[in-house]
There are 2 protein chains.
Amino acid sequence: MNYLNNTDLSTVKVLNKSEFPSKSKAKDKVINSVEELIKGLDLKDNAVVSFHHHLRNGDSVLNTIMKEIQSKGIKGITLVASSLFPVHAEIIPLLKDGTIENIVTSYISGDLAKAISYGELKGKIIMQTHGGRARSILDEDIVIDVAFIASPSSDKFGNISGVNGHNSCGTLGYAIADSIKAKTVISVTDALVEYPNYPADITEDYVDQVLVIDSIGRKEGIVSGTTRVTKDPIGLKIAKDTLKVMEATGLLKDGLSFQSGAGGISLAVTDYLRDYMIENNIKGSFASGGITGYLTGMLEEGLFSSLFDVQCFDLEAIESLKRNPNHIRMSGSQYGNPRVSSVVDNLDIVILGATEIDVDFNVNVTSGADGVLMGGSGGHADTAAGSKVSIIVSKLFSSRIPLIKDRVDVITTPGTTVDVLVTERGICVNPLRTDLIESFKKANLNIIDIKDLKEYAENIMGKAKPIEKTGRIIGLSEYRDGSIIDYIYEVKK
Amino acid sequence: MNYLNNTDLSTVKVLNKSEFPSKSKAKDKVINSVEELIKGLDLKDNAVVSFHHHLRNGDSVLNTIMKEIQSKGIKGITLVASSLFPVHAEIIPLLKDGTIENIVTSYISGDLAKAISYGELKGKIIMQTHGGRARSILDEDIVIDVAFIASPSSDKFGNISGVNGHNSCGTLGYAIADSIKAKTVISVTDALVEYPNYPADITEDYVDQVLVIDSIGRKEGIVSGTTRVTKDPIGLKIAKDTLKVMEATGLLKDGLSFQSGAGGISLAVTDYLRDYMIENNIKGSFASGGITGYLTGMLEEGLFSSLFDVQCFDLEAIESLKRNPNHIRMSGSQYGNPRVSSVVDNLDIVILGATEIDVDFNVNVTSGADGVLMGGSGGHADTAAGSKVSIIVSKLFSSRIPLIKDRVDVITTPGTTVDVLVTERGICVNPLRTDLIESFKKANLNIIDIKDLKEYAENIMGKAKPIEKTGRIIGLSEYRDGSIIDYIYEVKK
């Protein structure tokens, strides 16, 4: 379009008759062999490849592709996977032989996580948030060479739908940024369906090739991850107290927006909230995040007007997404990208878990009591930051592991964004939230200083033993805006 | 993310406690005054601003914004408007005073078009295709400073829906590229609704500000543009013959994909096709393009499985889009961007009009018999290129203006992509399509060489008088891939 600045249009080249274009032809995108695909992609050493995690522990696409990359002798790959699950332990040998050098993810668990904590990754691991991942890709902090998009269904031109196909997993929210920004986008499917495949999470104009393989995963692993409401009486007490906390915030009224994790106590809070909303005739606005059957039920009961779904956690959610026009797909960016306004910024209340919390309210959901990687932010830091009130629910005494520490092992979510902690032995409020302290006092809630609660726990359980680290920094905990909030250290075996 | 290449992570800056981020806050995007908005945008001379045309001849957003820009004394604007209608004649003074220097559009009609043909624009006019527009924006051939997106409804964070609000217009397909690529995106609405506004054509993460004004347009102008099936017996004969042509292509079978313009004869073809499909029990795949009630009716009758809608032409289409999950929104890029695979590449048959066609099958729908601008490609060149068979339907004798010429005034669609011409005096087939000539002969269709048909018409009506031009080139006809296929000349008054 340089001719916009060309003042003499007569110098602009006009095609002559013999140069006129012929009819366009739909490009043949389908390829039936992983080997042929990877050969054709001509990946170089140190390439950046990405995957989404909507198939969770049922995914076999990442393993299949990465092993093929390994067999081609390509080294130094940066693996940008929105999350990594126990099933991905199969790629541990690729850390050792240098195929994979760096890993960028928002959640990691299982033996792969352990291997990394024990120093098997030659490069580094960057732990992001879900919203931060979208930001980093859209802003080209990370430039993806090839995005491999596991597709429960795809037509031959790459219209990808997550609700069609025998391995349906629902929305593909975390793959959207990759599909927009990766230099090459591959739909990887085991269900090649008639054109046009719809409703499409990703449309053909974003997709370069369609790889058809026998299986993208195992359905059981895709939808089995969900926890149910806890039956543990201590967990239920915490959930009940959390409802009181929520009530005391004054936010439990018409127009409520709400998110909770899929942990047992969080789901119990959701369940109590449901009863409360029915009893008090409250019509909420939206619920968001990873969506479970608990929330689709509340949508159908009219307790929420809409659901914003970045990831379906169970079959009910997938079915609802197919059927209910008020159950809406959202991308990772729309969910929590901090550079733009996003759904988390409109959340009233979020209920979150914690492995550890410290006296500054910093939360760790990245590593376990032994310092070994076993999770990650996901949307934890995004929703804590965006919500009016972020509430951590956790048992104070769990398997003899202390919840409250002087300093958490890895800071996943800065304490400056964490408002309330609810335990079975009392409720702690972040001193920054003088407004909440005021309201909770009026509501006669059992508020206790977090330092006192820590001391109380330590008097019973003793202090946490320090974790043995080697001193080598193996990774970084990246905040949603790209700043670094903590180092991740190698753990002594 | 430069720390991916940083081998010594201990040198990476980690925030200390005092630097920890505070809770994020949803940005206040709403602004209630056009003046304040434009002042705040701080537009420079030669800025590039864009608009979509989904409100068609009912749009008042473009005029409102451009007049405010004029009042600020900003000069040399490049106006990137997906289409321009008679209502936009209000901006003619802005050509004269230099506020607007260049115009990039895919369709232009009314007094503004005339003024440009008569030389009132200081810079140039670039006539694009709908798919080419999306390509040029997405590939950054055109870099838009500010996209002003007329929004039938918007919430305060910029979730824009075209189906909600009193000035609903349906899908906003032509605004998608702008929302992705413009440096600043403004939602301009007269219906500020509760958060979250859905189904959103454009979500909040793409929108920077929300301008609330009294009115974005007049409903009558938004949906009144549609023609009905022609009642002219000559037009109906052409439509009937076109159906025979379509039958002879062998494409009228299960899985048919189809598009037609909204002209009277094209709609008559659609109507005959409907009868034919019912009679022969044909289940089509999809219909696409600008969608009318004729097509939504066929969708509901099960004659097509789905509709791909880049623009709603009437109220029936808007209502269907709201209600029917098989009526699917598509962006301009998904519709016809030639750099990617797009819906037009999967079209079996497209029915298109023509103002002029020449002996090389080049079609002009950009200028009239007097050489004055009165249209543009829209999706004409995109669908002609992508479809298996493109069929031009037109009366040979219309208002004593010759249809067939040695050379059309402006080449909108290259003859290399135009396959068949159906007139009341015979059917012409592009010699490039020997396959069709073969099939049509077998079907005993009345095929005539286009040169012979031209001579026949000229014997009756005489040859077209040459149009009087000044010799000054005022613009370019840009093909979908960005190459230039013709000059546009100033017309003598």
# chains A, B, ... in the order shown; residues from 1 in each chain; ligands from 1

$ interface_residues --of "chain B" --to "chain A" --cutoff "7 Å" --atoms "only C-alpha atoms" --output "PyMOL selection string"
chain B and resi 1+9-10+13-15+20-27+141-142+157+204-205+333-334+340-342+345-346+385-386+414+416-417+473+484-486

$ write_last_selection --atoms "N, CA and C atoms" --output "CSV table (one decimal), in the first residue's frame"
chain,number,residue,atom,x,y,z
B,1,MET,N,10.8,-11.2,27.9
B,1,MET,CA,11.1,-12.6,28.0
B,1,MET,C,12.6,-12.8,27.5
B,9,LEU,N,20.6,-16.8,35.6
B,9,LEU,CA,19.3,-16.3,36.1
B,9,LEU,C,19.5,-15.4,37.3
B,10,SER,N,20.6,-15.6,38.0
B,10,SER,CA,20.7,-14.8,39.2
B,10,SER,C,20.8,-13.3,38.9
B,13,LYS,N,16.3,-9.5,37.4
B,13,LYS,CA,15.7,-8.6,38.5
B,13,LYS,C,14.4,-9.2,39.0
B,14,VAL,N,14.4,-9.5,40.3
B,14,VAL,CA,13.2,-9.9,41.0
B,14,VAL,C,12.6,-8.8,41.8
B,15,LEU,N,11.4,-8.6,41.7
B,15,LEU,CA,10.7,-7.5,42.4
B,15,LEU,C,10.9,-7.7,43.9
B,20,PHE,N,5.9,-4.9,44.9
B,20,PHE,CA,4.9,-5.8,44.5
B,20,PHE,C,3.6,-5.1,43.9
B,21,PRO,N,3.0,-5.6,42.9
B,21,PRO,CA,1.9,-4.9,42.3
B,21,PRO,C,0.7,-4.9,43.2
B,22,SER,N,-0.1,-3.8,43.0
B,22,SER,CA,-1.4,-3.8,43.7
B,22,SER,C,-2.5,-4.5,42.9
B,23,LYS,N,-3.6,-4.6,43.5
B,23,LYS,CA,-4.7,-5.2,42.7
B,23,LYS,C,-5.0,-4.4,41.5
B,24,SER,N,-5.3,-5.1,40.4
B,24,SER,CA,-5.6,-4.4,39.2
B,24,SER,C,-7.0,-3.8,39.2
B,25,LYS,N,-7.2,-2.8,38.4
B,25,LYS,CA,-8.5,-2.1,38.5
B,25,LYS,C,-9.0,-2.0,37.0
B,26,ALA,N,-10.2,-2.3,36.8
B,26,ALA,CA,-10.8,-2.2,35.4
B,26,ALA,C,-10.7,-0.7,35.0
B,27,LYS,N,-10.1,-0.5,33.9
B,27,LYS,CA,-9.9,0.9,33.3
B,27,LYS,C,-11.3,1.5,33.0
B,141,ASP,N,-0.3,-3.7,5.5
B,141,ASP,CA,-0.1,-2.9,4.4
B,141,ASP,C,-0.7,-1.5,4.7
B,142,ILE,N,-1.9,-1.6,5.4
B,142,ILE,CA,-2.5,-0.4,5.9
B,142,ILE,C,-2.4,-0.4,7.4
B,157,PHE,N,-17.0,-1.8,29.2
B,157,PHE,CA,-15.6,-2.2,28.9
B,157,PHE,C,-15.4,-2.6,27.4
B,204,GLU,N,-14.0,-7.2,24.9
B,204,GLU,CA,-13.4,-6.0,25.6
B,204,GLU,C,-11.9,-5.9,25.5
B,205,ASP,N,-11.2,-7.1,25.3
B,205,ASP,CA,-9.8,-7.1,25.3
B,205,ASP,C,-9.2,-6.4,24.0
B,333,SER,N,-11.8,-11.6,6.9
B,333,SER,CA,-10.7,-12.4,6.6
B,333,SER,C,-11.1,-13.9,6.4
B,334,GLN,N,-11.9,-14.4,7.3
B,334,GLN,CA,-12.4,-15.7,7.1
B,334,GLN,C,-13.2,-15.9,5.9
B,340,VAL,N,-4.9,-16.5,3.2
B,340,VAL,CA,-5.2,-17.7,4.0
B,340,VAL,C,-6.3,-18.5,3.3
B,341,SER,N,-6.6,-19.7,3.7
B,341,SER,CA,-7.8,-20.4,3.2
B,341,SER,C,-9.0,-19.7,3.8
B,342,SER,N,-10.0,-19.5,3.0
B,342,SER,CA,-11.2,-18.8,3.4
B,342,SER,C,-12.4,-19.4,2.8
B,345,ASP,N,-13.1,-19.9,-0.9
B,345,ASP,CA,-12.4,-21.0,-1.6
B,345,ASP,C,-13.1,-22.3,-1.6
B,346,ASN,N,-14.2,-22.4,-0.7
B,346,ASN,CA,-15.0,-23.6,-0.7
B,346,ASN,C,-16.3,-23.4,-1.3
B,385,ALA,N,-13.1,-15.4,-7.6
B,385,ALA,CA,-11.8,-16.2,-7.6
B,385,ALA,C,-12.0,-17.5,-6.9
B,386,GLY,N,-12.7,-17.5,-5.8
B,386,GLY,CA,-12.7,-18.7,-4.9
B,386,GLY,C,-13.7,-19.8,-5.4
B,414,PRO,N,-11.1,-9.5,-12.4
B,414,PRO,CA,-10.4,-10.0,-13.6
B,414,PRO,C,-11.2,-11.1,-14.3
B,416,THR,N,-10.2,-13.5,-15.9
B,416,THR,CA,-9.6,-14.8,-15.6
B,416,THR,C,-10.3,-15.6,-14.5
B,417,THR,N,-11.2,-14.9,-13.7
B,417,THR,CA,-11.9,-15.6,-12.6
B,417,THR,C,-13.4,-15.6,-12.8
B,473,ILE,N,-5.3,10.5,-13.1
B,473,ILE,CA,-5.6,9.3,-12.4
B,473,ILE,C,-6.0,9.7,-10.9
B,484,ILE,N,-2.4,-4.2,-8.4
B,484,ILE,CA,-3.3,-3.2,-9.0
B,484,ILE,C,-3.8,-3.7,-10.3
B,485,ILE,N,-5.1,-3.8,-10.6
B,485,ILE,CA,-5.6,-4.3,-11.8
B,485,ILE,C,-6.1,-3.2,-12.7
B,486,ASP,N,-6.3,-1.9,-12.2
B,486,ASP,CA,-6.7,-0.9,-13.1
B,486,ASP,C,-6.6,0.5,-12.4

$ residues_around --residues "A:Gly110" --least-positions-apart "4" --cutoff "12 Å" --atoms "only C-alpha atoms" --output "PDB file with N, CA, C and O atoms, in the first residue's frame"
ATOM      1  N   ASN A  57      -4.812 -34.392  31.410  1.00  0.00           N
ATOM      2  CA  ASN A  57      -4.011 -35.609  31.582  1.00  0.00           C
ATOM      3  C   ASN A  57      -4.378 -36.688  30.559  1.00  0.00           C
ATOM      4  O   ASN A  57      -3.879 -37.798  30.607  1.00  0.00           O
ATOM      5  N   SER A  83      -0.130 -25.830  30.046  1.00  0.00           N
ATOM      6  CA  SER A  83       0.039 -26.577  31.296  1.00  0.00           C
ATOM      7  C   SER A  83       0.605 -27.946  30.957  1.00  0.00           C
ATOM      8  O   SER A  83       0.478 -28.398  29.817  1.00  0.00           O
ATOM      9  N   LEU A  84       1.209 -28.583  31.943  1.00  0.00           N
ATOM     10  CA  LEU A  84       1.803 -29.917  31.739  1.00  0.00           C
ATOM     11  C   LEU A  84       1.327 -30.845  32.847  1.00  0.00           C
ATOM     12  O   LEU A  84       1.289 -30.456  34.021  1.00  0.00           O
ATOM     13  N   PHE A  85       0.971 -32.082  32.464  1.00  0.00           N
ATOM     14  CA  PHE A  85       0.343 -33.026  33.392  1.00  0.00           C
ATOM     15  C   PHE A  85       1.190 -34.290  33.545  1.00  0.00           C
ATOM     16  O   PHE A  85       2.155 -34.494  32.799  1.00  0.00           O
ATOM     17  N   PRO A  86       0.822 -35.141  34.504  1.00  0.00           N
ATOM     18  CA  PRO A  86       1.598 -36.378  34.701  1.00  0.00           C
ATOM     19  C   PRO A  86       1.834 -37.160  33.404  1.00  0.00           C
ATOM     20  O   PRO A  86       2.907 -37.731  33.219  1.00  0.00           O
ATOM     21  N   VAL A  87       0.859 -37.143  32.516  1.00  0.00           N
ATOM     22  CA  VAL A  87       0.997 -37.884  31.255  1.00  0.00           C
ATOM     23  C   VAL A  87       2.215 -37.420  30.456  1.00  0.00           C
ATOM     24  O   VAL A  87       2.742 -38.162  29.624  1.00  0.00           O
ATOM     25  N   HIS A  88       2.671 -36.200  30.700  1.00  0.00           N
ATOM     26  CA  HIS A  88       3.796 -35.672  29.925  1.00  0.00           C
ATOM     27  C   HIS A  88       5.160 -36.091  30.471  1.00  0.00           C
ATOM     28  O   HIS A  88       6.193 -35.650  29.965  1.00  0.00           O
ATOM     29  N   ALA A  89       5.148 -36.965  31.485  1.00  0.00           N
ATOM     30  CA  ALA A  89       6.411 -37.519  31.992  1.00  0.00           C
ATOM     31  C   ALA A  89       7.178 -38.215  30.871  1.00  0.00           C
ATOM     32  O   ALA A  89       8.402 -38.363  30.941  1.00  0.00           O
ATOM     33  N   GLU A  90       6.469 -38.615  29.836  1.00  0.00           N
ATOM     34  CA  GLU A  90       7.111 -39.280  28.688  1.00  0.00           C
ATOM     35  C   GLU A  90       8.199 -38.431  28.039  1.00  0.00           C
ATOM     36  O   GLU A  90       9.038 -38.955  27.317  1.00  0.00           O
ATOM     37  N   ILE A  91       8.173 -37.117  28.259  1.00  0.00           N
ATOM     38  CA  ILE A  91       9.191 -36.287  27.599  1.00  0.00           C
ATOM     39  C   ILE A  91      10.412 -36.037  28.479  1.00  0.00           C
ATOM     40  O   ILE A  91      11.313 -35.301  28.085  1.00  0.00           O
ATOM     41  N   ILE A  92      10.459 -36.660  29.661  1.00  0.00           N
ATOM     42  CA  ILE A  92      11.640 -36.470  30.529  1.00  0.00           C
ATOM     43  C   ILE A  92      12.950 -36.777  29.789  1.00  0.00           C
ATOM     44  O   ILE A  92      13.911 -36.001  29.899  1.00  0.00           O
ATOM     45  N   LYS A 114       8.835 -33.071  38.800  1.00  0.00           N
ATOM     46  CA  LYS A 114       9.896 -33.523  39.721  1.00  0.00           C
ATOM     47  C   LYS A 114      11.253 -33.490  39.042  1.00  0.00           C
ATOM     48  O   LYS A 114      12.238 -33.012  39.617  1.00  0.00           O
ATOM     49  N   ALA A 115      11.312 -34.027  37.836  1.00  0.00           N
ATOM     50  CA  ALA A 115      12.586 -34.076  37.105  1.00  0.00           C
ATOM     51  C   ALA A 115      13.173 -32.673  36.961  1.00  0.00           C
ATOM     52  O   ALA A 115      14.380 -32.473  37.103  1.00  0.00           O
ATOM     53  N   ILE A 116      12.308 -31.726  36.692  1.00  0.00           N
ATOM     54  CA  ILE A 116      12.780 -30.342  36.527  1.00  0.00           C
ATOM     55  C   ILE A 116      13.297 -29.796  37.862  1.00  0.00           C
ATOM     56  O   ILE A 116      14.356 -29.187  37.925  1.00  0.00           O
ATOM     57  N   SER A 117      12.543 -30.059  38.935  1.00  0.00           N
ATOM     58  CA  SER A 117      12.990 -29.589  40.244  1.00  0.00           C
ATOM     59  C   SER A 117      14.326 -30.195  40.633  1.00  0.00           C
ATOM     60  O   SER A 117      15.135 -29.568  41.321  1.00  0.00           O
ATOM     61  N   SER A 367       4.981 -24.838  44.147  1.00  0.00           N
ATOM     62  CA  SER A 367       5.764 -25.977  44.651  1.00  0.00           C
ATOM     63  C   SER A 367       5.116 -26.532  45.905  1.00  0.00           C
ATOM     64  O   SER A 367       4.307 -25.885  46.555  1.00  0.00           O
ATOM     65  N   GLY A 368       5.497 -27.771  46.236  1.00  0.00           N
ATOM     66  CA  GLY A 368       4.943 -28.434  47.413  1.00  0.00           C
ATOM     67  C   GLY A 368       5.794 -28.212  48.643  1.00  0.00           C
ATOM     68  O   GLY A 368       6.778 -27.470  48.612  1.00  0.00           O
ATOM     69  N   VAL A 372       9.346 -29.198  45.631  1.00  0.00           N
ATOM     70  CA  VAL A 372       9.279 -29.730  44.269  1.00  0.00           C
ATOM     71  C   VAL A 372       8.063 -29.148  43.540  1.00  0.00           C
ATOM     72  O   VAL A 372       6.977 -29.005  44.128  1.00  0.00           O
ATOM     73  N   LEU A 373       8.268 -28.789  42.268  1.00  0.00           N
ATOM     74  CA  LEU A 373       7.175 -28.226  41.465  1.00  0.00           C
ATOM     75  C   LEU A 373       5.987 -29.189  41.430  1.00  0.00           C
ATOM     76  O   LEU A 373       6.166 -30.390  41.212  1.00  0.00           O
ATOM     77  N   MET A 374       4.786 -28.690  41.636  1.00  0.00           N
ATOM     78  CA  MET A 374       3.592 -29.532  41.620  1.00  0.00           C
ATOM     79  C   MET A 374       2.331 -28.740  41.253  1.00  0.00           C
ATOM     80  O   MET A 374       1.240 -29.148  41.572  1.00  0.00           O
ATOM     81  N   GLY A 375       2.510 -27.625  40.567  1.00  0.00           N
ATOM     82  CA  GLY A 375       1.330 -26.828  40.207  1.00  0.00           C
ATOM     83  C   GLY A 375       1.745 -25.600  39.440  1.00  0.00           C
ATOM     84  O   GLY A 375       2.578 -25.659  38.550  1.00  0.00           O
TER      85      GLY A 375
END

$ residues_around --residues "B:Tyr294" --least-positions-apart "6" --cutoff "10 Å" --atoms "only C-alpha atoms" --output "list in words"
Arg228, Val229, Ala262, Leu267, Ala268, Thr270, Asp271, Arg274, Asp314, Glu316 and Ala317 of chain B

$ closest_residue --among "A:Ser394, A:Thr184, A:Thr129, A:Thr292" --to "A:Ile238" --atoms "only C-alpha atoms"
A:Ser394

$ select_by_dssp --residues "stretch 105-284 of chain B" --states "strand (DSSP E)" --output "JSON, numbers by chain"
{"B": [105, 125, 126, 127, 146, 147, 148, 149, 150, 151, 184, 185, 186, 187, 188, 189, 209, 210, 211, 212, 258, 259, 260, 284]}

$ residues_around --residues "B:Leu256" --least-positions-apart "6" --cutoff "9 Å" --atoms "only C-alpha atoms" --output "PyMOL selection string"
chain B and resi 282-287+304+347-349

$ write_last_selection --atoms "all heavy atoms" --output "compact mmCIF listing (two decimals), in the first residue's frame"
# COMPACT_ATOMS: atom_id res chain seq x y z
N ILE B 282 -32.29 -32.11 -2.36
CA ILE B 282 -30.86 -31.82 -2.21
C ILE B 282 -30.61 -31.13 -0.89
O ILE B 282 -31.29 -30.16 -0.54
CB ILE B 282 -30.37 -30.92 -3.37
CG1 ILE B 282 -30.43 -31.71 -4.68
CG2 ILE B 282 -28.94 -30.42 -3.10
CD1 ILE B 282 -30.20 -30.86 -5.91
N LYS B 283 -29.65 -31.64 -0.13
CA LYS B 283 -29.25 -30.99 1.13
C LYS B 283 -27.90 -30.31 0.91
O LYS B 283 -26.88 -30.98 0.78
CB LYS B 283 -29.10 -32.03 2.26
CG LYS B 283 -30.35 -32.86 2.52
CD LYS B 283 -31.34 -32.12 3.38
CE LYS B 283 -32.65 -32.90 3.52
NZ LYS B 283 -33.85 -32.04 3.36
N GLY B 284 -27.95 -29.00 0.88
CA GLY B 284 -26.72 -28.25 0.66
C GLY B 284 -25.84 -28.21 1.90
O GLY B 284 -26.28 -28.54 3.00
N SER B 285 -24.61 -27.78 1.70
CA SER B 285 -23.68 -27.60 2.82
C SER B 285 -23.89 -26.21 3.42
O SER B 285 -24.60 -26.05 4.40
CB SER B 285 -22.25 -27.80 2.33
OG SER B 285 -21.32 -27.36 3.28
N PHE B 286 -23.31 -25.18 2.81
CA PHE B 286 -23.47 -23.85 3.39
C PHE B 286 -23.77 -22.80 2.31
O PHE B 286 -23.48 -23.00 1.13
CB PHE B 286 -22.21 -23.42 4.17
CG PHE B 286 -21.00 -23.17 3.30
CD1 PHE B 286 -20.76 -21.91 2.74
CD2 PHE B 286 -20.10 -24.18 3.03
CE1 PHE B 286 -19.65 -21.68 1.94
CE2 PHE B 286 -18.98 -23.96 2.23
CZ PHE B 286 -18.76 -22.70 1.68
N ALA B 287 -24.37 -21.72 2.75
CA ALA B 287 -24.46 -20.52 1.92
C ALA B 287 -23.72 -19.43 2.67
O ALA B 287 -23.59 -19.47 3.90
CB ALA B 287 -25.92 -20.13 1.70
N PHE B 304 -29.86 -25.79 3.51
CA PHE B 304 -28.44 -25.63 3.82
C PHE B 304 -28.24 -26.00 5.29
O PHE B 304 -29.12 -25.73 6.12
CB PHE B 304 -27.97 -24.19 3.57
CG PHE B 304 -27.90 -23.83 2.11
CD1 PHE B 304 -28.81 -22.94 1.55
CD2 PHE B 304 -26.94 -24.43 1.29
CE1 PHE B 304 -28.75 -22.63 0.19
CE2 PHE B 304 -26.87 -24.12 -0.07
CZ PHE B 304 -27.79 -23.23 -0.62
N LEU B 347 -16.52 -22.36 -2.04
CA LEU B 347 -17.80 -22.12 -2.71
C LEU B 347 -17.88 -22.93 -3.99
O LEU B 347 -16.97 -22.89 -4.81
CB LEU B 347 -17.94 -20.64 -3.06
CG LEU B 347 -18.61 -19.73 -2.06
CD1 LEU B 347 -18.60 -18.29 -2.58
CD2 LEU B 347 -20.04 -20.19 -1.78
N ASP B 348 -19.02 -23.60 -4.18
CA ASP B 348 -19.25 -24.24 -5.48
C ASP B 348 -19.64 -23.18 -6.51
O ASP B 348 -19.01 -23.04 -7.53
CB ASP B 348 -20.37 -25.28 -5.36
CG ASP B 348 -19.91 -26.52 -4.61
OD1 ASP B 348 -18.69 -26.78 -4.60
OD2 ASP B 348 -20.77 -27.21 -4.03
N ILE B 349 -20.71 -22.45 -6.19
CA ILE B 349 -21.28 -21.53 -7.17
C ILE B 349 -21.52 -20.16 -6.54
O ILE B 349 -22.02 -20.07 -5.42
CB ILE B 349 -22.64 -22.06 -7.70
CG1 ILE B 349 -22.43 -23.38 -8.45
CG2 ILE B 349 -23.33 -21.04 -8.60
CD1 ILE B 349 -23.72 -24.06 -8.87

$ residues_around --residues "stretch 41-54 of chain A" --least-positions-apart "2" --cutoff "8 Å" --atoms "only C-alpha atoms" --output "PyMOL selection string"
chain A and resi 37-39+56+59+62+74-84+101+143-150+169-172+174-175+178+222+311-312

$ atom_distance --atom1 "atom CA of B:Lys469" --atom2 "atom CA of B:Lys122"
17.0 Å

$ select_by_dssp --residues "stretch 162-297 of chain B" --states "helix (DSSP H, G or I)" --output "JSON, numbers by chain"
{"B": [173, 174, 175, 176, 177, 178, 179, 180, 181, 204, 205, 206, 219, 220, 221, 222, 223, 233, 234, 235, 236, 237, 238, 239, 240, 241, 242, 243, 244, 245, 246, 247, 248, 264, 265, 266, 267, 268, 269, 270, 271, 272, 273, 274, 275, 276, 277, 278, 279, 293, 294, 295, 296, 297]}

$ closest_residue --among "B:Asp139, B:Glu279, B:Asp254, B:Glu468" --to "B:Ala369" --atoms "only C-alpha atoms"
B:Glu468

$ residues_around --residues "A:Leu273" --least-positions-apart "3" --cutoff "10 Å" --atoms "only C-alpha atoms" --output "PyMOL selection string"
chain A and resi 239-240+242-244+246-247+252+258+267-270+276-279+298+303

$ atom_distance --atom1 "atom CA of B:Ser215" --atom2 "atom CA of B:Ile69"
18.1 Å

$ residues_around --residues "B:Phe313" --least-positions-apart "6" --cutoff "7 Å" --atoms "only C-alpha atoms" --output "ChimeraX atom specification"
/B:223,226,290-292

$ closest_residue --among "A:Thr189, A:Thr249, A:Thr423, A:Asn459" --to "A:Asn32" --atoms "only C-alpha atoms"
A:Thr189

$ decode --residues "stretch 361-374 of chain B" --atoms "C-alpha atoms" --output "mmCIF file, in the first residue's frame"
data_model
loop_
_atom_site.group_PDB
_atom_site.id
_atom_site.type_symbol
_atom_site.label_atom_id
_atom_site.label_comp_id
_atom_site.auth_asym_id
_atom_site.auth_seq_id
_atom_site.Cartn_x
_atom_site.Cartn_y
_atom_site.Cartn_z
ATOM 1 C CA PHE B 361 -14.875 -11.407 -19.197
ATOM 2 C CA ASN B 362 -13.479 -8.605 -17.037
ATOM 3 C CA VAL B 363 -16.328 -7.212 -14.947
ATOM 4 C CA ASN B 364 -16.945 -3.654 -13.815
ATOM 5 C CA VAL B 365 -19.173 -3.037 -10.809
ATOM 6 C CA THR B 366 -17.124 -0.040 -9.689
ATOM 7 C CA SER B 367 -18.244 2.710 -12.088
ATOM 8 C CA GLY B 368 -21.400 3.373 -14.072
ATOM 9 C CA ALA B 369 -21.985 3.906 -17.771
ATOM 10 C CA ASP B 370 -20.939 7.524 -17.291
ATOM 11 C CA GLY B 371 -17.660 6.492 -15.677
ATOM 12 C CA VAL B 372 -18.708 7.827 -12.303
ATOM 13 C CA LEU B 373 -18.025 5.692 -9.226
ATOM 14 C CA MET B 374 -21.208 3.947 -8.062
#
